[in-house]
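What follows is query.csv (CSV, C-alpha atoms).
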chain,number,residue,atom,x,y,z
S,1,MET,CA,0.0,0.0,0.0
S,2,SER,CA,1.1,3.6,-0.7
S,3,ASN,CA,2.7,5.6,2.1
S,4,ASN,CA,0.9,8.7,0.8
S,5,PRO,CA,-1.8,9.5,3.4
S,6,TYR,CA,-3.9,11.3,0.8
S,7,LYS,CA,-3.9,8.2,-1.4
S,8,ILE,CA,-4.6,5.9,1.6
S,9,LEU,CA,-7.7,7.9,2.5
S,10,GLY,CA,-8.7,8.4,-1.2
S,11,VAL,CA,-8.8,12.2,-1.0
S,12,SER,CA,-7.0,15.0,-2.9
S,13,SER,CA,-4.3,17.1,-1.4
S,14,SER,CA,-6.7,20.0,-1.5
S,15,ALA,CA,-9.4,18.3,0.5
S,16,ASN,CA,-10.6,20.2,3.6
S,17,SER,CA,-10.6,18.7,7.1
S,18,GLU,CA,-14.3,17.6,7.0
S,19,GLU,CA,-13.7,15.8,3.7
S,20,ILE,CA,-10.7,14.0,5.2
S,21,LYS,CA,-12.6,13.1,8.3
S,22,ALA,CA,-15.6,11.7,6.4
S,23,ALA,CA,-13.3,9.6,4.2
S,24,TYR,CA,-11.5,8.2,7.2
S,25,ARG,CA,-14.7,7.2,9.0
S,26,GLN,CA,-16.1,5.6,5.9
S,27,LEU,CA,-12.9,3.5,5.3
S,28,VAL,CA,-12.6,2.5,8.9
S,29,LYS,CA,-16.2,1.2,8.9
S,30,GLN,CA,-15.5,-0.7,5.7
S,31,HIS,CA,-12.2,-2.3,6.8
S,32,HIS,CA,-12.8,-2.7,10.5
S,33,PRO,CA,-11.7,-6.2,11.7
S,34,ASP,CA,-15.1,-6.7,13.4
S,35,THR,CA,-16.8,-6.6,10.0
S,36,GLY,CA,-14.2,-8.9,8.4
S,37,GLY,CA,-11.7,-6.2,7.4
S,38,ASP,CA,-8.0,-6.3,7.4
S,39,LYS,CA,-6.0,-5.2,10.4
S,40,GLN,CA,-3.1,-4.0,8.4
S,41,THR,CA,-5.4,-1.7,6.4
S,42,ILE,CA,-6.8,-0.2,9.6
S,43,LEU,CA,-3.2,0.5,10.8
S,44,SER,CA,-2.5,2.3,7.5
S,45,LEU,CA,-5.8,4.3,7.7
S,46,ASN,CA,-5.0,5.3,11.3
S,47,ALA,CA,-1.4,6.4,10.3
S,48,ALA,CA,-2.9,8.5,7.5
S,49,TRP,CA,-5.5,10.0,9.8
S,50,GLU,CA,-2.8,10.8,12.4
S,51,ILE,CA,-1.1,13.0,9.8
S,52,LEU,CA,-4.0,14.5,8.0
S,53,GLY,CA,-6.3,14.9,11.0
S,54,ASP,CA,-3.7,17.1,12.7
S,55,LYS,CA,-3.4,20.5,11.2
S,56,GLU,CA,0.3,21.0,12.1
S,57,LYS,CA,1.3,17.5,11.1
S,58,ARG,CA,-0.5,17.9,7.8
S,59,LEU,CA,1.2,21.2,7.1
S,60,ALA,CA,4.6,19.7,7.9
S,61,TYR,CA,3.9,16.7,5.6
S,62,ASP,CA,2.7,18.9,2.8
S,63,LYS,CA,5.8,21.1,3.1
S,64,LYS,CA,8.1,18.1,3.0
S,65,ASN,CA,6.2,16.4,0.2
S,66,ASN,CA,6.1,19.5,-1.9
S,67,ALA,CA,9.9,19.9,-1.5
S,68,ILE,CA,10.4,16.2,-2.6
S,69,ASP,CA,8.1,16.8,-5.6
S,70,SER,CA,10.0,19.9,-6.6
S,71,LEU,CA,13.3,18.0,-6.4
S,72,SER,CA,11.8,15.2,-8.4
S,73,LYS,CA,10.5,17.5,-11.0
S,74,GLU,CA,13.8,19.3,-11.2
S,75,SER,CA,15.6,16.0,-11.4
S,76,LYS,CA,13.3,15.0,-14.3
S,77,LYS,CA,14.0,18.3,-16.0
S,78,ARG,CA,17.7,17.8,-15.6
S,79,GLY,CA,17.3,14.3,-17.0
S,80,ILE,CA,15.5,15.6,-20.0
S,81,ARG,CA,18.0,18.4,-20.5
S,82,ASN,CA,20.9,15.9,-20.2
S,83,ALA,CA,19.2,13.6,-22.6
S,84,GLN,CA,18.6,16.4,-25.1
S,85,ALA,CA,22.2,17.6,-24.8
S,86,SER,CA,23.4,14.0,-25.3
S,87,TYR,CA,21.3,13.6,-28.3
S,88,ALA,CA,22.5,16.9,-29.7
S,89,ALA,CA,26.1,15.9,-29.1
S,90,LYS,CA,25.6,12.5,-30.8
S,91,ARG,CA,23.8,14.2,-33.7
S,92,ALA,CA,26.6,16.7,-34.1
S,93,LYS,CA,29.1,13.9,-34.0
S,94,ARG,CA,27.2,12.0,-36.6
S,95,ARG,CA,27.1,15.1,-38.7
S,96,SER,CA,30.8,15.7,-38.2
S,97,VAL,CA,31.6,12.2,-39.2
S,98,ALA,CA,29.3,12.5,-42.3
S,99,GLU,CA,31.0,15.7,-43.2
S,100,ASP,CA,34.5,14.2,-42.8
S,101,ASN,CA,33.5,11.2,-44.9
S,102,ALA,CA,32.1,13.5,-47.6
S,103,LEU,CA,35.3,15.5,-47.6
S,104,LEU,CA,37.5,12.5,-47.8
S,105,LYS,CA,35.4,11.1,-50.7
S,106,TRP,CA,35.7,14.4,-52.5
S,107,LEU,CA,39.4,14.7,-52.0
S,108,HIS,CA,40.0,11.1,-53.2
S,109,GLU,CA,37.6,11.0,-56.1
S,110,VAL,CA,37.6,14.6,-57.3
S,111,TYR,CA,40.7,16.6,-56.2
S,112,SER,CA,43.3,13.9,-56.5
S,113,PRO,CA,42.6,12.9,-60.1
S,114,ILE,CA,42.1,16.5,-61.2
S,115,ASP,CA,45.4,17.5,-59.6
S,116,LEU,CA,47.1,14.7,-61.5
S,117,LEU,CA,45.5,15.6,-64.8
S,118,LEU,CA,46.5,19.3,-64.5
S,119,ASP,CA,50.0,18.2,-63.8
S,120,GLN,CA,50.0,16.1,-66.9
S,121,VAL,CA,48.9,19.2,-68.9
S,122,MET,CA,51.1,21.9,-67.5
S,123,HIS,CA,54.4,20.2,-66.7
S,124,PRO,CA,55.2,19.0,-70.3
S,125,PHE,CA,54.5,22.5,-71.7
S,126,SER,CA,58.0,23.9,-71.4
S,127,ALA,CA,59.6,20.8,-73.0
S,128,GLU,CA,57.0,20.8,-75.8
S,129,LEU,CA,57.5,24.5,-76.5
S,130,LYS,CA,61.3,24.1,-76.5
S,131,ALA,CA,61.0,21.3,-79.0
S,132,LEU,CA,58.8,23.4,-81.3
S,133,SER,CA,61.1,26.5,-81.0
S,134,GLY,CA,63.8,24.5,-82.9
S,135,ASP,CA,61.8,25.4,-86.0
S,136,PRO,CA,58.1,26.4,-85.6
S,137,TYR,CA,57.6,26.1,-89.3
S,138,ASP,CA,58.7,22.4,-89.4
S,139,ASP,CA,55.5,20.4,-90.0
S,140,GLU,CA,56.6,17.5,-87.9
S,141,LEU,CA,57.5,19.6,-84.9
S,142,MET,CA,54.3,21.6,-85.2
S,143,GLN,CA,52.3,18.3,-85.5
S,144,ASN,CA,53.8,17.0,-82.3
S,145,PHE,CA,53.1,20.3,-80.5
S,146,CYS,CA,49.5,20.2,-81.8
S,147,SER,CA,49.1,16.6,-80.6
S,148,TYR,CA,50.2,17.7,-77.2
S,149,LEU,CA,47.6,20.5,-77.2
S,150,GLU,CA,44.9,18.1,-78.4
S,151,ASN,CA,45.7,15.6,-75.7
S,152,SER,CA,45.7,18.3,-73.1
S,153,GLN,CA,42.3,19.5,-74.2
S,154,LYS,CA,41.0,16.0,-73.8
S,155,LYS,CA,42.4,15.8,-70.3
S,156,LEU,CA,40.7,19.1,-69.4
S,157,GLU,CA,37.4,17.7,-70.6
S,158,LYS,CA,38.0,14.8,-68.3
S,159,VAL,CA,38.8,17.3,-65.5
S,160,GLU,CA,35.4,19.0,-66.0
S,161,GLN,CA,33.6,15.6,-65.9
S,162,ILE,CA,35.3,14.7,-62.6
S,163,TYR,CA,34.7,18.1,-61.1
S,164,ARG,CA,30.9,17.7,-61.6
S,165,SER,CA,30.8,14.0,-60.6
S,166,ILE,CA,30.3,14.7,-56.9
S,167,PRO,CA,28.7,17.6,-55.0
S,168,THR,CA,31.3,19.8,-53.3
S,169,PRO,CA,31.2,19.6,-49.5
S,170,GLU,CA,30.5,22.9,-47.8
S,171,THR,CA,33.8,22.7,-45.9
S,172,VAL,CA,35.9,23.0,-49.1
S,173,TYR,CA,33.5,25.1,-51.2
S,174,GLY,CA,36.0,28.0,-51.5
S,175,PHE,CA,38.9,25.6,-52.2
S,176,SER,CA,36.7,23.9,-54.9
S,177,LEU,CA,36.1,27.3,-56.6
S,178,SER,CA,39.8,28.0,-56.7
S,179,LEU,CA,40.3,24.6,-58.3
S,180,TYR,CA,37.8,25.4,-61.0
S,181,HIS,CA,39.4,28.8,-61.5
S,182,CYS,CA,42.7,27.0,-62.1
S,183,LEU,CA,41.0,24.8,-64.7
S,184,SER,CA,39.6,27.8,-66.4
S,185,GLN,CA,43.0,29.5,-66.5
S,186,VAL,CA,44.6,26.4,-68.2
S,187,LYS,CA,41.8,26.2,-70.7
S,188,ASP,CA,42.1,29.9,-71.6
S,189,ALA,CA,45.9,29.5,-71.9
S,190,LEU,CA,45.7,26.5,-74.2
S,191,ASN,CA,43.1,28.3,-76.4
S,192,GLU,CA,45.5,31.2,-76.9
S,193,ILE,CA,48.4,28.9,-77.7
S,194,GLU,CA,46.2,27.0,-80.1
S,195,ARG,CA,45.5,30.3,-81.9
S,196,TYR,CA,49.2,30.7,-82.3
S,197,THR,CA,49.5,27.4,-84.1
S,198,MET,CA,47.0,28.5,-86.7
S,199,GLY,CA,48.6,31.8,-87.6
S,200,TYR,CA,52.0,32.0,-86.0
S,201,VAL,CA,51.1,35.2,-84.2
S,202,ASP,CA,53.6,35.6,-81.5
S,203,GLY,CA,51.3,37.6,-79.3
S,204,TYR,CA,49.0,34.6,-78.9
S,205,LEU,CA,51.9,32.4,-77.8
S,206,HIS,CA,53.2,35.1,-75.4
S,207,ASP,CA,49.7,35.6,-73.8
S,208,GLY,CA,49.0,31.9,-73.6
S,209,HIS,CA,52.4,31.3,-72.0
S,210,GLU,CA,51.8,34.0,-69.4
S,211,MET,CA,48.3,32.7,-68.6
S,212,LEU,CA,49.7,29.2,-68.2
S,213,ARG,CA,52.4,30.5,-65.8
S,214,LYS,CA,49.6,32.1,-63.6
S,215,ALA,CA,47.7,28.8,-63.8
S,216,GLN,CA,50.7,27.0,-62.5
S,217,GLN,CA,51.0,29.4,-59.6
S,218,THR,CA,47.3,28.8,-58.7
S,219,HIS,CA,47.9,25.1,-59.0
S,220,GLU,CA,50.9,25.2,-56.6
S,221,GLN,CA,48.9,27.3,-54.1
S,222,LEU,CA,46.1,24.7,-54.2
S,223,LYS,CA,48.6,21.9,-53.5
S,224,GLN,CA,49.8,23.8,-50.4
S,225,GLU,CA,46.2,24.6,-49.3
S,226,ARG,CA,45.4,20.9,-49.7
S,227,PHE,CA,47.7,20.0,-46.9
S,228,ARG,CA,46.2,22.7,-44.6
S,229,LEU,CA,42.7,21.2,-44.9
S,230,GLU,CA,41.3,19.8,-41.7
S,231,ILE,CA,41.7,16.2,-42.9
S,232,SER,CA,45.0,15.5,-44.6
Since I need it in another form, could you write the structure as structure tokens?
Amino acid sequence: MSNNPYKILGVSSSANSEEIKAAYRQLVKQHHPDTGGDKQTILSLNAAWEILGDKEKRLAYDKKNNAIDSLSKESKKRGIRNAQASYAAKRAKRRSVAEDNALLKWLHEVYSPIDLLLDQVMHPFSAELKALSGDPYDDELMQNFCSYLENSQKKLEKVEQIYRSIPTPETVYGFSLSLYHCLSQVKDALNEIERYTMGYVDGYLHDGHEMLRKAQQTHEQLKQERFRLEIS
């Protein structure tokens, strides 16, 4: 049986003294041993009446019980807050793990192959240009140089396909834009150089060479920035 005297007598905590007295008398008659009732129930009823039938004892009980209820409610609130905080922390951790995985995937499947292809386009340029400079009007030398440009254009097309293959994670959005800017610089440089091969206008070659030099600088900056990313 409950230890709460209000529950034992079946009254609310706001019941007045007359209501409590009436409930006590009714229950005593119902459970009295002389009428076949239970002695233990009578003891509980008497204990409840001893508290609630006395104004000062009832007041002391209510004060103590309210304090316990307040602590219990505050404890429940703390429990809820702790549970919410724990859930938020776990959710943030899951989000962080997901972001890290997305970043690793992008670096592996987008940045790394693009970095390699850009190297394959830009690094041979000096040697290819040096070979052509032996005699720009030599058909074989020019054909070799044009083959280099054609293969480079194909590599840049592949770069664009790779760049668009996976959405860019927010954590490297700025880095991704710089990478695309580097691609654009290389494309513009090769277009200028290709115009030179069609008309031998030195200005096109000079401008294309300068544009490619700037693209190489951007590319090197990207390589350095890559190692400063949160995940290396």
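Each of S:Ile162, S:Ala15, S:Leu116, S:Ile8 was checked against Thr41 of chain S using all atoms listed in the file; the smallest atom-to-atom distance is that of S:Ile8.
The spacing separating atom CA of Met142 of chain S from atom CA of Cys182 of chain S amounts to 26.4 Å.
If all atoms listed in the file are the atoms counted, then among S:Leu129, S:Arg226, S:Phe145, S:Tyr196 the closest residue to Gly174 of chain S is S:Arg226.
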*asked:* Measuring between all atoms listed in the file, which one of S:Pro113, S:Gly53, S:Gly208, S:Pro33 shows the shortest distance to Ser17 of chain S?
replied: S:Gly53
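Closest to Lys214 of chain S among S:Ala189, S:Asn65, S:Tyr24, S:Gly199 is S:Ala189, based on all atoms listed in the file.
Distances to Gln161 of chain S were evaluated for S:Asp188, S:Glu140, S:Glu109, S:Glu194 using all atoms listed in the file, and the minimum falls at S:Glu109.
The nearest approach to Val172 of chain S among the residues S:Glu50, S:Glu56, S:Glu225, S:Asp135, with all atoms listed in the file taken into account, belongs to S:Glu225.
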*Using only C-alpha atoms, which residues sit within 12 Å of Tyr200 of chain S once same-chain residues fewer than 6 positions away are excluded, as an MDAnalysis selection string?*
chainID S and resid 132:133 135:137 142 192:194 206
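The interatomic distance for the pair atom CA of Leu118 of chain S and atom CA of Ala98 of chain S works out to 28.9 Å.
Residues surrounding Val121 of chain S within 10 Å are S:Leu116, S:Leu117, S:Phe125, S:Tyr148, S:Leu149, S:Asn151, S:Ser152, S:Gln153, S:Lys154, S:Lys155, S:Leu156, S:Val186, S:Leu190 [all atoms listed in the file; sequence separation below 4 positions excluded].
Residues within 9 Å of Ser13 of chain S, counting all atoms listed in the file and excluding same-chain residues fewer than 5 positions away, are S:Tyr6, S:Lys7, S:Asp62.
Going from atom CA of Ser12 of chain S over to atom CA of Trp49 of chain S, you cover 13.7 Å.
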With only C-alpha atoms as the counted atoms, please give the residues lying no more than 12 Å from Gln216 of chain S, apart from itself and same-chain residues fewer than 4 positions off, as a PDB file with C-alpha atoms, in the coordinates of the input.
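The result, stored in selection-v7.pdb:
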ATOM      1  CA  ASP S 115      45.400  17.500 -59.600  1.00  0.00           C
ATOM      2  CA  LEU S 118      46.500  19.300 -64.500  1.00  0.00           C
ATOM      3  CA  ASP S 119      50.000  18.200 -63.800  1.00  0.00           C
ATOM      4  CA  GLN S 120      50.000  16.100 -66.900  1.00  0.00           C
ATOM      5  CA  VAL S 121      48.900  19.200 -68.900  1.00  0.00           C
ATOM      6  CA  MET S 122      51.100  21.900 -67.500  1.00  0.00           C
ATOM      7  CA  HIS S 123      54.400  20.200 -66.700  1.00  0.00           C
ATOM      8  CA  PHE S 125      54.500  22.500 -71.700  1.00  0.00           C
ATOM      9  CA  SER S 126      58.000  23.900 -71.400  1.00  0.00           C
ATOM     10  CA  LEU S 179      40.300  24.600 -58.300  1.00  0.00           C
ATOM     11  CA  HIS S 181      39.400  28.800 -61.500  1.00  0.00           C
ATOM     12  CA  CYS S 182      42.700  27.000 -62.100  1.00  0.00           C
ATOM     13  CA  LEU S 183      41.000  24.800 -64.700  1.00  0.00           C
ATOM     14  CA  SER S 184      39.600  27.800 -66.400  1.00  0.00           C
ATOM     15  CA  GLN S 185      43.000  29.500 -66.500  1.00  0.00           C
ATOM     16  CA  VAL S 186      44.600  26.400 -68.200  1.00  0.00           C
ATOM     17  CA  ALA S 189      45.900  29.500 -71.900  1.00  0.00           C
ATOM     18  CA  HIS S 209      52.400  31.300 -72.000  1.00  0.00           C
ATOM     19  CA  GLU S 210      51.800  34.000 -69.400  1.00  0.00           C
ATOM     20  CA  MET S 211      48.300  32.700 -68.600  1.00  0.00           C
ATOM     21  CA  LEU S 212      49.700  29.200 -68.200  1.00  0.00           C
ATOM     22  CA  GLU S 220      50.900  25.200 -56.600  1.00  0.00           C
ATOM     23  CA  GLN S 221      48.900  27.300 -54.100  1.00  0.00           C
ATOM     24  CA  LEU S 222      46.100  24.700 -54.200  1.00  0.00           C
ATOM     25  CA  LYS S 223      48.600  21.900 -53.500  1.00  0.00           C
TER      26      LYS S 223
END
Listed atoms of segment 183-195 of chain S, axis-aligned box, 3 Å per side: centre and edge lengths to one decimal in Å, as JSON?
{"center_x": 44.0, "center_y": 28.0, "center_z": -73.3, "size_x": 14.8, "size_y": 12.4, "size_z": 23.2}
Since the input is missing atoms, can you rebuild N, CA and C atoms for segment 1-24 of chain S and write them as a compact mmCIF listing (two decimals), in the frame of the given file?
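So the final result, stored in rebuild.txt, reads:
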# COMPACT_ATOMS: atom_id res chain seq x y z
N MET S 1 0.83 -1.19 0.00
CA MET S 1 0.00 0.00 0.00
C MET S 1 0.87 1.24 0.00
N SER S 2 0.37 2.30 -0.60
CA SER S 2 1.10 3.60 -0.70
C SER S 2 1.32 4.17 0.69
N ASN S 3 2.42 4.90 0.83
CA ASN S 3 2.70 5.60 2.10
C ASN S 3 2.11 7.03 2.06
N ASN S 4 1.52 7.41 0.95
CA ASN S 4 0.90 8.70 0.80
C ASN S 4 -0.42 8.74 1.56
N PRO S 5 -0.57 9.54 2.62
CA PRO S 5 -1.80 9.50 3.40
C PRO S 5 -3.04 9.96 2.58
N TYR S 6 -2.84 10.84 1.64
CA TYR S 6 -3.90 11.30 0.80
C TYR S 6 -4.46 10.10 -0.06
N LYS S 7 -3.54 9.32 -0.59
CA LYS S 7 -3.90 8.20 -1.40
C LYS S 7 -4.58 7.09 -0.53
N ILE S 8 -4.05 6.92 0.67
CA ILE S 8 -4.60 5.90 1.60
C ILE S 8 -6.07 6.22 1.91
N LEU S 9 -6.36 7.50 2.15
CA LEU S 9 -7.70 7.90 2.50
C LEU S 9 -8.57 8.20 1.24
N GLY S 10 -7.92 8.20 0.07
CA GLY S 10 -8.70 8.40 -1.20
C GLY S 10 -9.16 9.84 -1.35
N VAL S 11 -8.39 10.81 -0.88
CA VAL S 11 -8.80 12.20 -1.00
C VAL S 11 -7.66 12.97 -1.73
N SER S 12 -8.00 14.14 -2.24
CA SER S 12 -7.00 15.00 -2.90
C SER S 12 -6.22 15.78 -1.87
N SER S 13 -5.08 16.28 -2.28
CA SER S 13 -4.30 17.10 -1.40
C SER S 13 -4.91 18.42 -1.03
N SER S 14 -5.96 18.79 -1.79
CA SER S 14 -6.70 20.00 -1.50
C SER S 14 -7.94 19.84 -0.69
N ALA S 15 -8.18 18.58 -0.27
CA ALA S 15 -9.40 18.30 0.50
C ALA S 15 -9.38 19.02 1.84
N ASN S 16 -10.56 19.49 2.30
CA ASN S 16 -10.60 20.20 3.60
C ASN S 16 -10.72 19.13 4.73
N SER S 17 -10.67 19.60 5.97
CA SER S 17 -10.60 18.70 7.10
C SER S 17 -11.89 17.85 7.24
N GLU S 18 -13.04 18.39 6.88
CA GLU S 18 -14.30 17.60 7.00
C GLU S 18 -14.30 16.50 5.93
N GLU S 19 -13.81 16.78 4.74
CA GLU S 19 -13.70 15.80 3.70
C GLU S 19 -12.80 14.64 4.09
N ILE S 20 -11.71 15.01 4.72
CA ILE S 20 -10.70 14.00 5.20
C ILE S 20 -11.33 13.15 6.28
N LYS S 21 -12.01 13.80 7.22
CA LYS S 21 -12.60 13.10 8.30
C LYS S 21 -13.69 12.11 7.84
N ALA S 22 -14.50 12.56 6.91
CA ALA S 22 -15.60 11.70 6.40
C ALA S 22 -15.00 10.51 5.65
N ALA S 23 -13.93 10.73 4.89
CA ALA S 23 -13.30 9.60 4.20
C ALA S 23 -12.70 8.62 5.11
N TYR S 24 -12.08 9.13 6.18
CA TYR S 24 -11.50 8.20 7.20
C TYR S 24 -12.50 7.37 7.84
